[in-house]
>>> print(open('protein.pdb').read())   # PDB, C-alpha atoms
MODEL        1
ATOM      1  CA  MET Z   1      24.278  17.546 -36.917
ATOM      2  CA  SER Z   2      24.199  17.907 -33.183
ATOM      3  CA  GLU Z   3      25.959  20.753 -31.467
ATOM      4  CA  GLU Z   4      28.039  20.330 -28.400
ATOM      5  CA  ILE Z   5      27.418  22.932 -25.741
ATOM      6  CA  GLU Z   6      29.748  23.307 -22.825
ATOM      7  CA  VAL Z   7      28.019  23.957 -19.500
ATOM      8  CA  GLU Z   8      29.075  23.821 -15.897
ATOM      9  CA  ALA Z   9      27.577  20.884 -14.080
ATOM     10  CA  LEU Z  10      27.645  19.921 -10.455
ATOM     11  CA  GLU Z  11      28.583  16.351  -9.616
ATOM     12  CA  VAL Z  12      26.113  14.002  -7.952
ATOM     13  CA  GLU Z  13      27.809  10.918  -6.576
ATOM     14  CA  VAL Z  14      25.678   7.787  -6.331
ATOM     15  CA  SER Z  15      26.626   4.417  -4.892
ATOM     16  CA  VAL Z  16      24.875   2.156  -7.391
ATOM     17  CA  GLN Z  17      23.899   2.250 -11.016
ATOM     18  CA  PRO Z  18      21.394   2.250 -12.565
ATOM     19  CA  ILE Z  19      19.460   4.488 -10.189
ATOM     20  CA  GLU Z  20      15.975   5.939 -10.590
ATOM     21  CA  LEU Z  21      15.714   9.583 -11.621
ATOM     22  CA  TYR Z  22      13.643  10.687  -8.635
ATOM     23  CA  LYS Z  23      16.278   9.248  -6.280
ATOM     24  CA  VAL Z  24      19.006  11.314  -7.954
ATOM     25  CA  LEU Z  25      16.999  14.478  -7.301
ATOM     26  CA  LYS Z  26      16.690  13.487  -3.643
ATOM     27  CA  ILE Z  27      20.405  12.654  -3.296
ATOM     28  CA  ALA Z  28      21.399  16.007  -4.821
ATOM     29  CA  ASN Z  29      19.075  17.791  -2.325
ATOM     30  CA  LEU Z  30      17.185  19.462  -5.165
ATOM     31  CA  VAL Z  31      13.842  18.501  -3.633
ATOM     32  CA  SER Z  32      12.698  17.921  -0.094
ATOM     33  CA  GLY Z  33      11.264  14.449  -0.665
ATOM     34  CA  GLY Z  34      10.421  11.698  -3.095
ATOM     35  CA  GLY Z  35       6.873  12.913  -3.665
ATOM     36  CA  GLU Z  36       8.089  16.341  -4.665
ATOM     37  CA  ALA Z  37      10.688  14.779  -6.981
ATOM     38  CA  LYS Z  38       8.066  12.604  -8.689
ATOM     39  CA  TYR Z  39       5.763  15.606  -9.114
ATOM     40  CA  ALA Z  40       8.538  17.742 -10.673
ATOM     41  CA  ILE Z  41       9.411  14.945 -13.097
ATOM     42  CA  SER Z  42       5.811  14.260 -14.127
ATOM     43  CA  GLU Z  43       5.201  17.986 -14.754
ATOM     44  CA  GLY Z  44       8.178  18.137 -17.145
ATOM     45  CA  TYR Z  45      10.597  20.212 -15.084
ATOM     46  CA  VAL Z  46      13.442  17.694 -15.443
ATOM     47  CA  ALA Z  47      15.539  16.929 -18.524
ATOM     48  CA  VAL Z  48      17.946  14.019 -18.913
ATOM     49  CA  ASN Z  49      20.716  14.322 -21.510
ATOM     50  CA  GLY Z  50      18.961  17.293 -23.114
ATOM     51  CA  GLU Z  51      15.479  15.748 -23.411
ATOM     52  CA  ILE Z  52      12.480  16.267 -21.142
ATOM     53  CA  GLU Z  53      11.951  13.130 -19.064
ATOM     54  CA  LEU Z  54       8.483  12.269 -17.719
ATOM     55  CA  ARG Z  55       9.321   8.830 -16.324
ATOM     56  CA  LYS Z  56       9.902   8.985 -12.580
ATOM     57  CA  ARG Z  57      11.847   5.727 -12.490
ATOM     58  CA  CYS Z  58      13.948   6.408 -15.572
ATOM     59  CA  LYS Z  59      17.254   4.566 -15.144
ATOM     60  CA  ILE Z  60      20.190   6.937 -14.748
ATOM     61  CA  TYR Z  61      23.766   5.782 -15.389
ATOM     62  CA  ASP Z  62      27.251   7.171 -14.809
ATOM     63  CA  GLY Z  63      27.826  10.245 -17.004
ATOM     64  CA  ASP Z  64      24.163  11.165 -17.553
ATOM     65  CA  VAL Z  65      23.438  14.892 -17.370
ATOM     66  CA  ILE Z  66      20.320  16.050 -15.535
ATOM     67  CA  GLU Z  67      18.886  19.530 -15.913
ATOM     68  CA  PHE Z  68      16.598  20.846 -13.190
ATOM     69  CA  ASN Z  69      15.645  24.382 -12.216
ATOM     70  CA  GLY Z  70      18.157  25.950 -14.603
ATOM     71  CA  GLU Z  71      21.097  23.974 -13.201
ATOM     72  CA  TYR Z  72      22.977  21.017 -14.632
ATOM     73  CA  PHE Z  73      24.099  17.941 -12.724
ATOM     74  CA  VAL Z  74      26.258  15.039 -13.875
ATOM     75  CA  VAL Z  75      25.919  11.625 -12.260
ATOM     76  CA  ILE Z  76      29.159  10.040 -11.050
ATOM     77  CA  CYS Z  77      29.373   6.382  -9.985
ATOM     78  CA  ASP Z  78      32.438   4.197  -9.443
ATOM     79  CA  GLN Z  79      30.506   0.936  -9.220
ATOM     80  CA  PRO Z  80      29.856  -1.245 -12.292
ATOM     81  CA  VAL Z  81      26.369  -1.509 -13.718
ATOM     82  CA  GLN Z  82      24.316  -4.037 -11.804
ATOM     83  CA  GLU Z  83      22.039  -6.054 -14.020
ATOM     84  CA  PRO Z  84      18.600  -6.707 -12.579
ATOM     85  CA  GLN Z  85      18.371 -10.239 -11.300
ATOM     86  CA  VAL Z  86      15.626 -12.256 -12.898
ATOM     87  CA  ARG Z  87      13.790 -14.280 -10.328
ATOM     88  CA  GLU Z  88      13.126 -17.814 -11.330
ATOM     89  CA  GLN Z  89       9.584 -18.874 -10.714
ATOM     90  CA  LYS Z  90       9.490 -22.150  -8.885
ATOM     91  CA  THR Z  91       6.759 -24.500  -9.893
ATOM     92  CA  SER Z  92       5.298 -26.031  -6.817
ATOM     93  CA  GLN Z  93       3.494 -29.291  -6.855
ATOM     94  CA  VAL Z  94       0.246 -29.317  -4.972
ATOM     95  CA  ALA Z  95      -0.746 -32.589  -3.409
ATOM     96  CA  VAL Z  96      -4.434 -33.354  -3.308
ATOM     97  CA  ILE Z  97      -5.530 -34.620   0.067
ATOM     98  CA  GLU Z  98      -8.886 -36.214   0.343
ATOM     99  CA  LYS Z  99     -10.791 -35.415   3.486
ATOM    100  CA  PRO Z 100     -12.937 -38.066   5.084
ATOM    101  CA  ALA Z 101     -16.649 -37.611   4.605
ATOM    102  CA  LYS Z 102     -18.377 -35.779   7.418
ATOM    103  CA  LYS Z 103     -20.879 -37.675   9.457
ATOM    104  CA  ASP Z 104     -24.421 -36.426   9.215
ATOM    105  CA  LYS Z 105     -25.517 -34.691  12.349
ATOM    106  CA  LYS Z 106     -29.053 -35.379  13.372
ATOM    107  CA  THR Z 107     -31.137 -32.260  13.692
ATOM    108  CA  PRO Z 108     -34.229 -32.117  15.846
ATOM    109  CA  ALA Z 109     -37.382 -32.364  13.800
ATOM    110  CA  VAL Z 110     -39.336 -29.697  15.667
ATOM    111  CA  LYS Z 111     -37.874 -26.764  17.522
ATOM    112  CA  ALA Z 112     -39.705 -25.435  20.534
ATOM    113  CA  LYS Z 113     -41.263 -22.006  20.082
ATOM    114  CA  LYS Z 114     -40.238 -19.314  22.506
ATOM    115  CA  ASN Z 115     -42.831 -17.717  24.688
ATOM    116  CA  LYS Z 116     -43.083 -14.046  23.743
ATOM    117  CA  ALA Z 117     -44.527 -13.052  27.115
ATOM    118  CA  THR Z 118     -41.214 -13.413  28.914
ATOM    119  CA  PRO Z 119     -38.165 -11.583  27.597
ATOM    120  CA  SER Z 120     -35.358 -13.743  26.286
ATOM    121  CA  THR Z 121     -32.023 -13.103  27.971
ATOM    122  CA  SER Z 122     -29.989 -15.879  26.379
ATOM    123  CA  LYS Z 123     -29.085 -14.409  22.987
ATOM    124  CA  ASN Z 124     -30.862 -11.146  22.274
ATOM    125  CA  ARG Z 125     -30.801  -8.711  25.161
ATOM    126  CA  SER Z 126     -32.976  -6.034  23.567
ATOM    127  CA  VAL Z 127     -36.346  -5.554  25.230
ATOM    128  CA  THR Z 128     -39.461  -3.923  23.838
ATOM    129  CA  LYS Z 129     -41.285  -1.141  25.649
ATOM    130  CA  LYS Z 130     -44.145  -3.360  26.786
ATOM    131  CA  GLU Z 131     -41.767  -6.035  28.077
ATOM    132  CA  ALA Z 132     -39.803  -3.405  29.966
ATOM    133  CA  GLU Z 133     -42.940  -2.087  31.651
ATOM    134  CA  LYS Z 134     -43.915  -5.613  32.632
ATOM    135  CA  ALA Z 135     -40.482  -6.263  34.066
ATOM    136  CA  ASN Z 136     -40.847  -3.137  36.220
ATOM    137  CA  LYS Z 137     -37.464  -1.932  35.037
ATOM    138  CA  LYS Z 138     -35.572  -4.551  36.987
ATOM    139  CA  ALA Z 139     -31.944  -5.052  36.143
ATOM    140  CA  ASP Z 140     -31.025  -7.959  33.911
ATOM    141  CA  THR Z 141     -29.454 -10.715  35.989
ATOM    142  CA  ALA Z 142     -26.807 -11.587  33.375
ATOM    143  CA  THR Z 143     -25.505  -8.081  32.710
ATOM    144  CA  GLY Z 144     -26.830  -5.972  35.546
ATOM    145  CA  ARG Z 145     -28.239  -3.389  33.110
ATOM    146  CA  LYS Z 146     -31.707  -1.934  33.222
ATOM    147  CA  PRO Z 147     -33.761  -2.099  30.023
ATOM    148  CA  ILE Z 148     -34.475   1.186  28.256
ATOM    149  CA  SER Z 149     -37.327   2.100  25.967
ATOM    150  CA  PHE Z 150     -37.715   4.682  23.246
TER     151      PHE Z 150
ENDMDL
END
>>> encode(input="protein.pdb", output="structure tokens")
Amino acid sequence: MSEEIEVEALEVEVSVQPIELYKVLKIANLVSGGGEAKYAISEGYVAVNGEIELRKRCKIYDGDVIEFNGEYFVVICDQPVQEPQVREQKTSQVAVIEKPAKKDKKTPAVKAKKNKATPSTSKNRSVTKKEAEKANKKADTATGRKPISF
């Protein structure tokens, strides 16, 4: 048989039920933040209705008794229990759209080879040491920067 023990409990008023356990600890100002509340719960410092509770999001209802740090708290809520709303998954119909075939682009058969004697300034702006010496360290006309060598 279970014994009934009479203890003094402080009231914690909440505006909605059910409410997660870690939020009750925050509302009662027992912890400084949600992270601290979740840590205290996961380490087993919190009991709900006389049993150690390790679930951070345990649903707490009106009349539940929470024990933390040697003190007891009873949850008070005037609002009726709100059932979680089940979201209906809408089935969407996907229409298949056919794209017209792309026209073949003609590619040139032979690409011209670049002359390695002159530095290329169109795409790659890096210059080798020999090319820099040949250019007499003149500034690049596109950027205005002088080539450097290592």
>>> resolve_selection(input="protein.pdb", expression="the PyMOL selection byres ((chain Z and resi 56) around 8)", output="MDAnalysis selection string")
chainID Z and resid 20:22 38 41:42 53:55 57:58
>>> residues_near_point(input="protein.pdb", point="(17.5, 16.6, -6.0)", cutoff="10 Å", atoms="all atoms listed in the file", output="number ranges by chain")
Z: 12, 21-34, 36-37, 66, 68, 73
>>> atom_distance(input="protein.pdb", atom1="CA of Glu3 in chain Z", atom2="CA of Glu71 in chain Z")
19.2 Å
>>> residues_around(input="protein.pdb", residues="range 75-84 of chain Z", least_positions_apart="6", cutoff="6 Å", atoms="all atoms listed in the file", output="VMD selection string")
chain Z and resid 12 to 14 17 62 to 64
>>> atom_distance(input="protein.pdb", atom1="CA of Glu11 in chain Z", atom2="CA of Ile52 in chain Z")
19.8 Å
>>> axis_aligned_box(input="protein.pdb", around="range 6-13 of chain Z", padding_each_side="8 Å", output="lines of an AutoDock Vina configuration file")
center_x = 27.9
center_y = 17.4
center_z = -14.7
size_x = 19.6
size_y = 29.0
size_z = 32.2
>>> resolve_selection(input="protein.pdb", expression="the PyMOL selection byres ((chain Z and resi 9) around 7)", output="short mmCIF file (atom, residue, chain, number, x, y, z; two decimals) with C-alpha atoms, in the frame of the given file")
data_model
loop_
_atom_site.label_atom_id
_atom_site.label_comp_id
_atom_site.auth_asym_id
_atom_site.auth_seq_id
_atom_site.Cartn_x
_atom_site.Cartn_y
_atom_site.Cartn_z
CA VAL Z 7 28.02 23.96 -19.50
CA GLU Z 8 29.08 23.82 -15.90
CA LEU Z 10 27.64 19.92 -10.46
CA GLU Z 11 28.58 16.35 -9.62
CA TYR Z 72 22.98 21.02 -14.63
CA PHE Z 73 24.10 17.94 -12.72
CA VAL Z 74 26.26 15.04 -13.88
#
